[in-house]
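One file, input01.pdb, is given below (PDB, C-alpha atoms).
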ATOM      1  CA  MET A   1       9.155   2.446 -27.539
ATOM      2  CA  ALA A   2      12.186   4.276 -28.777
ATOM      3  CA  VAL A   3      14.755   1.691 -27.674
ATOM      4  CA  ASP A   4      14.415  -2.023 -28.185
ATOM      5  CA  GLN A   5      14.139  -3.860 -24.852
ATOM      6  CA  GLN A   6      16.864  -6.395 -25.720
ATOM      7  CA  LEU A   7      19.198  -3.660 -26.896
ATOM      8  CA  LYS A   8      18.546  -1.769 -23.690
ATOM      9  CA  ILE A   9      19.515  -4.761 -21.533
ATOM     10  CA  GLU A  10      22.608  -5.340 -23.659
ATOM     11  CA  MET A  11      23.642  -1.705 -23.315
ATOM     12  CA  GLY A  12      22.980  -1.862 -19.575
ATOM     13  CA  LYS A  13      25.489  -4.720 -19.313
ATOM     14  CA  GLN A  14      28.040  -2.496 -21.013
ATOM     15  CA  GLY A  15      27.374   0.318 -18.548
ATOM     16  CA  VAL A  16      25.199   2.489 -20.783
ATOM     17  CA  PHE A  17      21.783   3.263 -19.374
ATOM     18  CA  VAL A  18      19.103   4.658 -21.646
ATOM     19  CA  THR A  19      15.538   5.593 -20.842
ATOM     20  CA  THR A  20      12.593   7.407 -22.340
ATOM     21  CA  LEU A  21      10.735  10.382 -20.936
ATOM     22  CA  GLN A  22       7.713   8.168 -20.501
ATOM     23  CA  GLU A  23       9.625   5.610 -18.435
ATOM     24  CA  LEU A  24      11.205   8.346 -16.327
ATOM     25  CA  TYR A  25       7.848  10.023 -15.774
ATOM     26  CA  ASN A  26       6.089   6.800 -14.832
ATOM     27  CA  TRP A  27       9.001   5.709 -12.626
ATOM     28  CA  GLY A  28       8.731   8.949 -10.696
ATOM     29  CA  ARG A  29       4.974   8.775 -10.372
ATOM     30  CA  ARG A  30       4.701   5.153  -9.333
ATOM     31  CA  ASN A  31       7.241   5.576  -6.564
ATOM     32  CA  SER A  32       5.601   8.582  -4.939
ATOM     33  CA  VAL A  33       1.916   7.800  -4.777
ATOM     34  CA  TRP A  34       0.355   9.750  -1.933
ATOM     35  CA  PRO A  35      -2.685   8.003  -0.507
ATOM     36  CA  MET A  36      -5.588   9.817   1.041
ATOM     37  CA  ASN A  37      -5.937   9.695   4.814
ATOM     38  CA  PHE A  38      -9.316   8.143   4.782
ATOM     39  CA  GLY A  39     -10.754   5.002   6.370
ATOM     40  CA  LEU A  40     -14.288   3.690   6.213
ATOM     41  CA  ALA A  41     -14.561   0.519   8.296
ATOM     42  CA  CYS A  42     -12.565  -2.404   9.686
ATOM     43  CA  CYS A  43     -10.425  -2.674   6.518
ATOM     44  CA  ALA A  44      -9.005   0.694   7.548
ATOM     45  CA  ILE A  45      -7.341  -1.034  10.510
ATOM     46  CA  GLU A  46      -5.507  -3.311   8.067
ATOM     47  CA  MET A  47      -4.641  -0.263   5.956
ATOM     48  CA  ILE A  48      -3.184   1.441   9.038
ATOM     49  CA  ALA A  49      -1.211  -1.726   9.835
ATOM     50  CA  THR A  50       0.136  -1.639   6.274
ATOM     51  CA  THR A  51       1.519   1.852   6.826
ATOM     52  CA  MET A  52       3.211   0.926  10.097
ATOM     53  CA  ALA A  53       6.638  -0.578  10.746
ATOM     54  CA  ARG A  54       5.814  -4.280  10.285
ATOM     55  CA  TYR A  55       4.415  -4.047   6.750
ATOM     56  CA  ASP A  56       5.760  -0.586   5.917
ATOM     57  CA  ILE A  57       4.176   0.674   2.728
ATOM     58  CA  ALA A  58       6.919   3.330   2.752
ATOM     59  CA  ARG A  59       9.115   0.728   1.023
ATOM     60  CA  PHE A  60       6.994   1.400  -2.066
ATOM     61  CA  GLY A  61       6.854   5.152  -1.662
ATOM     62  CA  ALA A  62       3.265   5.455  -0.505
ATOM     63  CA  GLU A  63       3.668   6.452   3.126
ATOM     64  CA  VAL A  64       2.660  10.098   2.812
ATOM     65  CA  PHE A  65      -0.997   9.952   3.770
ATOM     66  CA  ARG A  66      -2.591  13.303   3.039
ATOM     67  CA  PRO A  67      -5.621  14.534   4.954
ATOM     68  CA  SER A  68      -6.711  16.679   2.000
ATOM     69  CA  PRO A  69      -7.964  15.236  -1.295
ATOM     70  CA  ARG A  70      -6.193  18.078  -3.125
ATOM     71  CA  GLN A  71      -2.810  16.582  -2.304
ATOM     72  CA  ALA A  72      -3.629  12.889  -2.706
ATOM     73  CA  ASP A  73      -3.042  10.618  -5.709
ATOM     74  CA  MET A  74      -4.666   7.440  -4.487
ATOM     75  CA  MET A  75      -7.845   6.690  -2.636
ATOM     76  CA  ILE A  76      -8.028   3.420  -0.723
ATOM     77  CA  ILE A  77     -11.696   2.587  -0.241
ATOM     78  CA  SER A  78     -11.033   0.686   2.965
ATOM     79  CA  GLY A  79     -14.290  -0.851   4.046
ATOM     80  CA  THR A  80     -18.044  -0.816   3.831
ATOM     81  CA  VAL A  81     -19.473   2.058   1.809
ATOM     82  CA  THR A  82     -22.923   2.753   3.159
ATOM     83  CA  LYS A  83     -25.410   4.566   0.983
ATOM     84  CA  LYS A  84     -25.162   7.474   3.389
ATOM     85  CA  MET A  85     -21.382   7.661   2.966
ATOM     86  CA  ALA A  86     -21.230   7.056  -0.794
ATOM     87  CA  PRO A  87     -21.953  10.693  -1.855
ATOM     88  CA  GLN A  88     -19.145  11.905   0.396
ATOM     89  CA  VAL A  89     -16.731   9.329  -1.017
ATOM     90  CA  VAL A  90     -17.579  10.303  -4.601
ATOM     91  CA  ARG A  91     -17.277  13.999  -3.764
ATOM     92  CA  LEU A  92     -13.848  13.447  -2.208
ATOM     93  CA  TYR A  93     -12.773  11.463  -5.263
ATOM     94  CA  ASN A  94     -13.863  14.367  -7.445
ATOM     95  CA  GLN A  95     -11.783  16.758  -5.376
ATOM     96  CA  MET A  96      -8.565  14.787  -5.824
ATOM     97  CA  ALA A  97      -6.061  16.163  -8.304
ATOM     98  CA  GLU A  98      -5.370  14.319 -11.550
ATOM     99  CA  PRO A  99      -3.972  11.739 -12.036
ATOM    100  CA  LYS A 100      -5.856   9.776  -9.394
ATOM    101  CA  TYR A 101      -6.176   6.097  -8.637
ATOM    102  CA  VAL A 102      -8.547   4.004  -6.556
ATOM    103  CA  ILE A 103      -7.966   0.748  -4.719
ATOM    104  CA  ALA A 104     -11.202  -0.884  -3.559
ATOM    105  CA  MET A 105     -10.161  -2.828  -0.484
ATOM    106  CA  GLY A 106     -12.193  -5.711   0.870
ATOM    107  CA  ALA A 107     -15.374  -7.530   0.022
ATOM    108  CA  CYS A 108     -17.642  -4.614   1.007
ATOM    109  CA  ALA A 109     -15.886  -2.037  -1.133
ATOM    110  CA  ILE A 110     -15.826  -4.237  -4.219
ATOM    111  CA  SER A 111     -19.328  -5.716  -4.020
ATOM    112  CA  GLY A 112     -21.120  -4.980  -0.771
ATOM    113  CA  GLY A 113     -19.664  -8.122   0.765
ATOM    114  CA  PRO A 114     -21.678  -9.712   3.572
ATOM    115  CA  PHE A 115     -24.076  -6.756   3.427
ATOM    116  CA  LYS A 116     -24.851  -7.169  -0.247
ATOM    117  CA  GLN A 117     -28.434  -8.245   0.470
ATOM    118  CA  GLY A 118     -28.934  -5.375   2.909
ATOM    119  CA  TYR A 119     -30.777  -2.166   2.228
ATOM    120  CA  ASN A 120     -28.192   0.407   3.246
ATOM    121  CA  VAL A 121     -24.863  -0.708   1.790
ATOM    122  CA  LEU A 122     -23.598   0.202  -1.643
ATOM    123  CA  LYS A 123     -22.957  -2.884  -3.761
ATOM    124  CA  GLY A 124     -19.469  -1.859  -4.808
ATOM    125  CA  ILE A 125     -17.949   1.618  -5.074
ATOM    126  CA  ASP A 126     -17.135   0.914  -8.752
ATOM    127  CA  ARG A 127     -20.720   1.891  -9.468
ATOM    128  CA  TYR A 128     -19.730   5.538  -9.131
ATOM    129  CA  ILE A 129     -15.982   5.907  -9.556
ATOM    130  CA  PRO A 130     -13.437   4.055 -11.716
ATOM    131  CA  VAL A 131     -11.601   1.518  -9.568
ATOM    132  CA  ASP A 132      -8.089   0.488 -10.626
ATOM    133  CA  VAL A 133      -7.468  -2.459  -8.316
ATOM    134  CA  HIS A 134      -9.996  -4.614  -6.452
ATOM    135  CA  ILE A 135      -8.848  -6.667  -3.449
ATOM    136  CA  PRO A 136     -11.090  -9.432  -2.107
ATOM    137  CA  GLY A 137     -10.949 -10.453   1.545
ATOM    138  CA  CYS A 138     -12.795  -9.690   4.744
ATOM    139  CA  PRO A 139     -10.656  -7.880   5.636
ATOM    140  CA  PRO A 140      -7.707  -8.392   3.271
ATOM    141  CA  ARG A 141      -4.403  -8.868   5.045
ATOM    142  CA  PRO A 142      -1.803  -6.079   4.766
ATOM    143  CA  GLU A 143       0.104  -8.278   2.334
ATOM    144  CA  ALA A 144      -2.955  -8.194   0.072
ATOM    145  CA  LEU A 145      -2.988  -4.397   0.168
ATOM    146  CA  LEU A 146       0.719  -4.349  -0.644
ATOM    147  CA  GLN A 147       0.042  -6.727  -3.540
ATOM    148  CA  ALA A 148      -2.729  -4.411  -4.750
ATOM    149  CA  PHE A 149      -0.422  -1.444  -4.500
ATOM    150  CA  ILE A 150       2.298  -3.231  -6.481
ATOM    151  CA  THR A 151      -0.341  -4.076  -9.085
ATOM    152  CA  LEU A 152      -1.253  -0.395  -9.245
ATOM    153  CA  GLN A 153       2.418   0.504  -9.633
ATOM    154  CA  LYS A 154       2.661  -1.890 -12.578
ATOM    155  CA  LYS A 155      -0.400  -0.270 -14.072
ATOM    156  CA  ILE A 156       1.109   3.216 -13.676
ATOM    157  CA  ASP A 157       4.361   1.944 -15.185
ATOM    158  CA  ALA A 158       2.540   0.717 -18.293
ATOM    159  CA  GLU A 159       0.700   3.988 -18.929
ATOM    160  CA  ALA A 160       1.433   5.629 -22.277
ATOM    161  CA  LEU A 161       1.808   9.386 -22.370
ATOM    162  CA  THR A 162       0.527   9.758 -25.938
ATOM    163  CA  GLY A 163      -1.625   7.898 -28.417
ATOM    164  CA  GLN A 164      -4.986   6.199 -28.194
ATOM    165  CA  GLU A 165      -3.971   4.033 -25.249
ATOM    166  CA  ARG A 166      -3.192   6.963 -22.955
ATOM    167  CA  PRO A 167      -5.027   7.035 -19.621
ATOM    168  CA  ARG A 168      -8.100   9.096 -18.878
ATOM    169  CA  PHE A 169      -6.296  11.985 -17.187
ATOM    170  CA  LEU A 170      -4.134  12.705 -20.250
ATOM    171  CA  ASP A 171      -7.126  12.822 -22.570
ATOM    172  CA  PRO A 172      -8.519  16.368 -22.618
ATOM    173  CA  ASP A 173     -11.895  15.126 -23.842
ATOM    174  CA  ALA A 174     -12.328  12.487 -21.141
ATOM    175  CA  PRO A 175     -14.680  13.508 -18.328
ATOM    176  CA  GLY A 176     -13.108  14.836 -15.157
ATOM    177  CA  GLU A 177     -16.276  14.992 -13.129
ATOM    178  CA  PHE A 178     -18.043  11.994 -11.689
ATOM    179  CA  PRO A 179     -21.606  12.871 -10.645
ATOM    180  CA  VAL A 180     -22.297  12.672  -6.929
ATOM    181  CA  PRO A 181     -25.330  10.484  -6.169
ATOM    182  CA  GLU A 182     -28.151  11.995  -4.142
ATOM    183  CA  PRO A 183     -30.160  10.162  -1.493
ATOM    184  CA  ALA A 184     -33.651   9.463  -2.853
ATOM    185  CA  GLU A 185     -36.679   7.733  -1.384
ATOM    186  CA  HIS A 186     -35.498   4.135  -1.705
ATOM    187  CA  ASP A 187     -31.956   4.236  -3.056
ATOM    188  CA  LEU A 188     -29.258   6.582  -4.200
ATOM    189  CA  GLU A 189     -30.147   8.480  -7.345
ATOM    190  CA  PRO A 190     -28.726   7.545  -9.830
ATOM    191  CA  THR A 191     -28.079   3.971  -8.715
ATOM    192  CA  ALA A 192     -24.913   3.834 -10.806
ATOM    193  CA  ASN A 193     -22.793   6.058 -13.037
ATOM    194  CA  GLN A 194     -23.443   4.563 -16.485
ATOM    195  CA  ASP A 195     -20.121   5.887 -17.863
ATOM    196  CA  VAL A 196     -18.169   3.935 -15.270
ATOM    197  CA  TRP A 197     -20.216   0.874 -14.461
ATOM    198  CA  HIS A 198     -22.128  -1.571 -16.579
ATOM    199  CA  ALA A 199     -24.357  -4.190 -15.036
ATOM    200  CA  PRO A 200     -22.619  -7.564 -15.328
ATOM    201  CA  VAL A 201     -24.228  -9.966 -17.738
ATOM    202  CA  VAL A 202     -25.029 -13.244 -16.029
ATOM    203  CA  ILE A 203     -24.295 -16.199 -18.304
ATOM    204  CA  ARG A 204     -26.242 -19.312 -17.338
TER     205      ARG A 204
ATOM    206  CA  MET B   1      35.580  43.307 -13.120
ATOM    207  CA  LEU B   2      38.902  42.715 -11.387
ATOM    208  CA  GLN B   3      38.046  45.595  -9.096
ATOM    209  CA  MET B   4      34.748  43.933  -8.207
ATOM    210  CA  ALA B   5      36.285  40.500  -7.662
ATOM    211  CA  SER B   6      38.782  41.902  -5.210
ATOM    212  CA  ASN B   7      35.947  43.261  -3.094
ATOM    213  CA  PRO B   8      35.811  41.274   0.173
ATOM    214  CA  TYR B   9      32.022  40.941  -0.180
ATOM    215  CA  PHE B  10      32.241  39.503  -3.706
ATOM    216  CA  SER B  11      32.197  35.863  -2.579
ATOM    217  CA  LEU B  12      29.194  36.633  -0.356
ATOM    218  CA  ALA B  13      27.307  38.043  -3.325
ATOM    219  CA  VAL B  14      28.103  34.952  -5.399
ATOM    220  CA  LEU B  15      26.962  32.663  -2.589
ATOM    221  CA  PHE B  16      23.793  34.712  -2.166
ATOM    222  CA  LEU B  17      22.958  34.335  -5.855
ATOM    223  CA  ALA B  18      23.676  30.606  -5.706
ATOM    224  CA  ALA B  19      21.411  30.230  -2.666
ATOM    225  CA  LEU B  20      18.677  32.183  -4.417
ATOM    226  CA  CYS B  21      18.890  29.946  -7.506
ATOM    227  CA  PHE B  22      18.952  26.839  -5.306
ATOM    228  CA  GLY B  23      15.626  27.852  -3.815
ATOM    229  CA  LEU B  24      13.913  29.384  -6.827
ATOM    230  CA  THR B  25      14.835  26.830  -9.514
ATOM    231  CA  PRO B  26      12.777  23.935  -8.066
ATOM    232  CA  LEU B  27       9.880  26.313  -7.451
ATOM    233  CA  GLY B  28      10.078  27.585 -11.022
ATOM    234  CA  LEU B  29      10.303  24.071 -12.426
ATOM    235  CA  ALA B  30       7.287  22.998 -10.367
ATOM    236  CA  TRP B  31       5.356  26.020 -11.597
ATOM    237  CA  LEU B  32       6.340  25.318 -15.198
ATOM    238  CA  TRP B  33       5.391  21.660 -14.825
ATOM    239  CA  ALA B  34       1.995  22.580 -13.399
ATOM    240  CA  ARG B  35       1.411  25.106 -16.208
ATOM    241  CA  VAL B  36       2.570  23.045 -19.180
ATOM    242  CA  PHE B  37       2.339  19.339 -18.392
ATOM    243  CA  ALA B  38      -0.117  18.818 -15.512
ATOM    244  CA  PRO B  39      -3.497  17.527 -16.677
ATOM    245  CA  PRO B  40      -6.000  19.744 -14.849
ATOM    246  CA  LYS B  41      -9.651  18.820 -15.125
ATOM    247  CA  PRO B  42     -11.374  21.524 -13.122
ATOM    248  CA  ASN B  43     -15.079  21.426 -12.346
ATOM    249  CA  THR B  44     -17.383  22.857  -9.720
ATOM    250  CA  LEU B  45     -17.105  19.796  -7.479
ATOM    251  CA  LYS B  46     -13.328  19.904  -7.541
ATOM    252  CA  ASN B  47     -13.167  23.634  -6.951
ATOM    253  CA  ALA B  48     -15.530  23.516  -3.987
ATOM    254  CA  ILE B  49     -14.131  25.322  -0.951
ATOM    255  CA  TYR B  50     -14.467  22.583   1.662
ATOM    256  CA  GLU B  51     -12.708  19.264   1.320
ATOM    257  CA  CYS B  52     -14.358  17.183   4.028
ATOM    258  CA  GLY B  53     -16.749  15.480   1.598
ATOM    259  CA  LEU B  54     -19.826  17.269   2.903
ATOM    260  CA  GLU B  55     -21.437  20.216   1.221
ATOM    261  CA  SER B  56     -21.329  23.407   3.234
ATOM    262  CA  LYS B  57     -24.693  24.709   4.384
ATOM    263  CA  GLY B  58     -25.719  28.179   5.495
ATOM    264  CA  ASP B  59     -23.583  31.211   6.188
ATOM    265  CA  ALA B  60     -20.170  31.149   7.833
ATOM    266  CA  TRP B  61     -20.863  34.517   9.512
ATOM    267  CA  VAL B  62     -22.752  33.192  12.515
ATOM    268  CA  GLN B  63     -23.763  35.748  15.168
ATOM    269  CA  PHE B  64     -23.734  34.996  18.859
ATOM    270  CA  ARG B  65     -26.218  36.614  21.223
ATOM    271  CA  SER B  66     -24.652  39.397  23.254
ATOM    272  CA  GLY B  67     -26.708  38.213  26.249
ATOM    273  CA  TYR B  68     -24.100  35.493  26.807
ATOM    274  CA  TYR B  69     -21.855  38.066  28.556
ATOM    275  CA  LEU B  70     -23.619  37.114  31.810
ATOM    276  CA  TYR B  71     -22.305  33.544  31.476
ATOM    277  CA  ALA B  72     -18.829  34.964  30.957
ATOM    278  CA  ILE B  73     -19.090  37.045  34.152
ATOM    279  CA  ILE B  74     -20.366  34.103  36.202
ATOM    280  CA  PHE B  75     -17.588  31.911  34.810
ATOM    281  CA  LEU B  76     -14.945  34.469  35.810
ATOM    282  CA  VAL B  77     -16.390  34.908  39.314
ATOM    283  CA  PHE B  78     -16.822  31.266  40.270
ATOM    284  CA  ASP B  79     -14.142  29.510  38.212
ATOM    285  CA  VAL B  80     -11.231  31.766  37.329
ATOM    286  CA  GLU B  81     -11.312  33.608  40.629
ATOM    287  CA  ALA B  82     -11.096  30.364  42.605
ATOM    288  CA  VAL B  83      -7.970  29.414  40.675
ATOM    289  CA  PHE B  84      -6.278  32.636  41.810
ATOM    290  CA  LEU B  85      -7.723  32.592  45.333
ATOM    291  CA  LEU B  86      -6.174  29.233  46.229
ATOM    292  CA  PRO B  87      -2.494  30.230  45.752
ATOM    293  CA  PHE B  88      -3.321  33.594  47.363
ATOM    294  CA  ALA B  89      -4.651  31.787  50.469
ATOM    295  CA  VAL B  90      -1.674  29.400  50.602
ATOM    296  CA  ALA B  91       0.890  32.225  50.420
ATOM    297  CA  PHE B  92      -1.164  34.648  52.523
ATOM    298  CA  THR B  93       1.111  34.808  55.599
ATOM    299  CA  GLY B  94       4.189  35.661  53.572
ATOM    300  CA  LEU B  95       2.603  38.381  51.450
ATOM    301  CA  GLY B  96       3.354  42.109  51.643
ATOM    302  CA  ALA B  97       0.804  44.910  51.740
ATOM    303  CA  ALA B  98       1.197  45.690  48.033
ATOM    304  CA  ALA B  99       0.318  42.128  47.028
ATOM    305  CA  CYS B 100      -2.702  42.146  49.336
ATOM    306  CA  VAL B 101      -3.958  45.409  47.853
ATOM    307  CA  ALA B 102      -3.497  44.073  44.300
ATOM    308  CA  MET B 103      -5.424  40.954  45.174
ATOM    309  CA  LEU B 104      -8.120  43.037  46.866
ATOM    310  CA  VAL B 105      -8.584  45.099  43.693
ATOM    311  CA  PHE B 106      -8.910  41.871  41.674
ATOM    312  CA  VAL B 107     -11.430  40.355  44.084
ATOM    313  CA  LEU B 108     -13.433  43.592  44.352
ATOM    314  CA  LEU B 109     -13.662  43.812  40.552
ATOM    315  CA  LEU B 110     -15.108  40.320  40.448
ATOM    316  CA  VAL B 111     -17.402  40.989  43.409
ATOM    317  CA  GLU B 112     -18.752  43.900  41.392
ATOM    318  CA  GLY B 113     -19.517  41.390  38.627
ATOM    319  CA  LEU B 114     -21.225  39.126  41.150
ATOM    320  CA  ALA B 115     -23.337  42.046  42.387
ATOM    321  CA  TRP B 116     -24.241  42.872  38.785
ATOM    322  CA  ALA B 117     -25.328  39.298  38.112
ATOM    323  CA  TRP B 118     -27.278  39.215  41.364
ATOM    324  CA  VAL B 119     -29.175  42.394  40.489
ATOM    325  CA  LYS B 120     -29.869  40.985  37.011
ATOM    326  CA  GLY B 121     -31.490  38.012  38.699
ATOM    327  CA  VAL B 122     -29.185  35.427  37.145
ATOM    328  CA  LEU B 123     -28.571  33.666  40.442
ATOM    329  CA  THR B 124     -32.233  32.873  41.108
ATOM    330  CA  TRP B 125     -33.272  29.425  39.931
ATOM    331  CA  ALA B 126     -36.113  30.003  37.519
TER     332      ALA B 126
END
Rewrite the structure of this file - the entire thing - as C-alpha cells.
Amino acid sequence: MAVDQQLKIEMGKQGVFVTTLQELYNWGRRNSVWPMNFGLACCAIEMIATTMARYDIARFGAEVFRPSPRQADMMIISGTVTKKMAPQVVRLYNQMAEPKYVIAMGACAISGGPFKQGYNVLKGIDRYIPVDVHIPGCPPRPEALLQAFITLQKKIDAEALTGQERPRFLDPDAPGEFPVPEPAEHDLEPTANQDVWHAPVVIR
Amino acid sequence: MLQMASNPYFSLAVLFLAALCFGLTPLGLAWLWARVFAPPKPNTLKNAIYECGLESKGDAWVQFRSGYYLYAIIFLVFDVEAVFLLPFAVAFTGLGAAACVAMLVFVLLLVEGLAWAWVKGVLTWA
C-alpha cells in the first residue's frame, strides 16, 4: 500500500483524492463483472429474479449476462449439477476468459443438497472447479445471491496485483486448465480434481 | 500553413481527424491492454471451437440425399400452390386476361411437377 489509509481519509477531507493502480484496477473489475447466461435448476429462477427489476443486480454492475463463456467473468452455478451435466459445466468454466470467478448457488451446487445420497448428482461443484463464494439455501433468496455477489466484489477488491498473495490468474505458473471429468462405469472419472478439492477431514 | 488554415475544408479535416482518434484510441488501448496486461492462459479446452459445453462430433459437412427433391416438388404443388390459388379464386371475377394467363403458366408448371411425381410413383401408398 503506497498511501497510508488514515492519511488517505485525511486528504480526502481536504479535497485531495489519491489512489493506486491496484485500487483503480480492482474498482473497475469489481463493478463490471459479466455473469454467464447459464442456469441449471430451480436456483436459476431465483438468479433470473435477481437480474430483474425488483432485486436488480445491475445496481452492482453485473447485469450483462453473456451467452458465450468467452465474454463472461463469473459463472453462477445455479442449481443441481448432475453427473451428466458436470463435464459440460467444467468445460464451460475452462472456456471462460481469465480472470474468472464462480459462485456456487444453493445446497445442490455446494454439496449435492437433498440429492447428496443419490447416485446421479455431483456432491458439490467445488470438486472440479475453484469456487469463490458458496451460498446455502434451497433455493437461496435473491438477497442471498446479492450478498454472495457483494462478497465476491470484496474479494476482487482485496486482490493484489503483485507479490506472493496475487490471485491464480496473475500467476503465470498457476494452472489454467481444469481437467474435464469423463463418465465412467459407476462415477465420473476422476471423482475430484485433487488440485482444487481435498476431502474434508471429519473430526469426531 | 496560413494558406491551409484559410481553406474552407480545413475545419472539416480537423474534425475528421478528431473523430478518427475518438474511435481508434479506445480500440488501440484495448488492444494494448490485451497484449501487455491481460493474463491469458490458453489451452486446448479453452481454444475449442464450440462454446456450448459439448464436444463436437463428426464432420460439419453433412450431405443430403438428392432424392429429397421429390418432397420439395410435392410440397410446392400441394402447399405453396394452394396459398396462391386462394387469392386468385377470390379475385377471379375482377382479373384481366394477362393475369389469368400468368396464373395459368404458374399452375401448369406445377401440374407438370405433379405429373412428374405421379409417373415416379410417389403418390402411390407403398
Contacts of A:Phe149 at 9 Å (all atoms listed in the file; same-chain gap of 2+ positions) as JSON, numbers by chain = {"A": [57, 60, 62, 103, 133, 144, 145, 146, 147, 151, 152, 153, 154]}
Contact residues around A:Ile110 with all atoms listed in the file at 12 Å, ignoring same-chain residues under 6 positions, as an MDAnalysis selection string = chainID A and resid 76:81 102:104 116 121:140
Using only C-alpha atoms, determine which residues lie at most 9 Å from A:Asn94, disregarding the query and same-chain residues fewer than 5 positions distant; provide the list as a ChimeraX atom specification.
-> /A:69,89,129,176-180 /B:43,45-46
Using only C-alpha atoms, what table do you get, as a tab-separated table, when you list each residue of chain A with an atom no more than 10 Å from chain B, its nearest pair of atoms, and their distance in Å rounded to one decimal, rows by chain then rising number?
residue	atom	partner	partner_atom	distance
A:Pro67	CA	B:Cys52	CA	9.2
A:Ser68	CA	B:Glu51	CA	6.6
A:Pro69	CA	B:Glu51	CA	6.8
A:Arg70	CA	B:Glu51	CA	8.0
A:Met85	CA	B:Gly53	CA	9.2
A:Ala86	CA	B:Gly53	CA	9.8
A:Pro87	CA	B:Gly53	CA	7.9
A:Gln88	CA	B:Gly53	CA	4.5
A:Val89	CA	B:Gly53	CA	6.7
A:Val90	CA	B:Gly53	CA	8.1
A:Arg91	CA	B:Gly53	CA	5.6
A:Leu92	CA	B:Gly53	CA	5.2
A:Tyr93	CA	B:Lys46	CA	8.8
A:Asn94	CA	B:Lys46	CA	5.6
A:Gln95	CA	B:Lys46	CA	4.1
A:Met96	CA	B:Lys46	CA	7.2
A:Ala97	CA	B:Pro40	CA	7.5
A:Glu98	CA	B:Pro39	CA	6.3
A:Pro99	CA	B:Pro39	CA	7.4
A:Arg168	CA	B:Pro39	CA	9.9
A:Phe169	CA	B:Pro39	CA	6.2
A:Leu170	CA	B:Pro39	CA	6.0
A:Asp171	CA	B:Pro39	CA	8.4
A:Pro172	CA	B:Pro39	CA	7.9
A:Asp173	CA	B:Lys41	CA	9.7
A:Ala174	CA	B:Lys41	CA	9.1
A:Pro175	CA	B:Lys41	CA	8.0
A:Gly176	CA	B:Lys41	CA	5.3
A:Glu177	CA	B:Asn43	CA	6.6
A:Phe178	CA	B:Leu45	CA	8.9
A:Pro179	CA	B:Leu45	CA	8.8
A:Val180	CA	B:Leu45	CA	8.8
Polymer residues at most 6 Å from A:Met36, only C-alpha atoms, same-chain spacing of 6 or more positions, as a JSON list (two decimals) with C-alpha atoms, in the frame of the given file:
[["chain", "number", "residue", "atom", "x", "y", "z"],
["A", 65, "PHE", "CA", -1.00, 9.95, 3.77],
["A", 66, "ARG", "CA", -2.59, 13.30, 3.04],
["A", 72, "ALA", "CA", -3.63, 12.89, -2.71],
["A", 75, "MET", "CA", -7.84, 6.69, -2.64]]
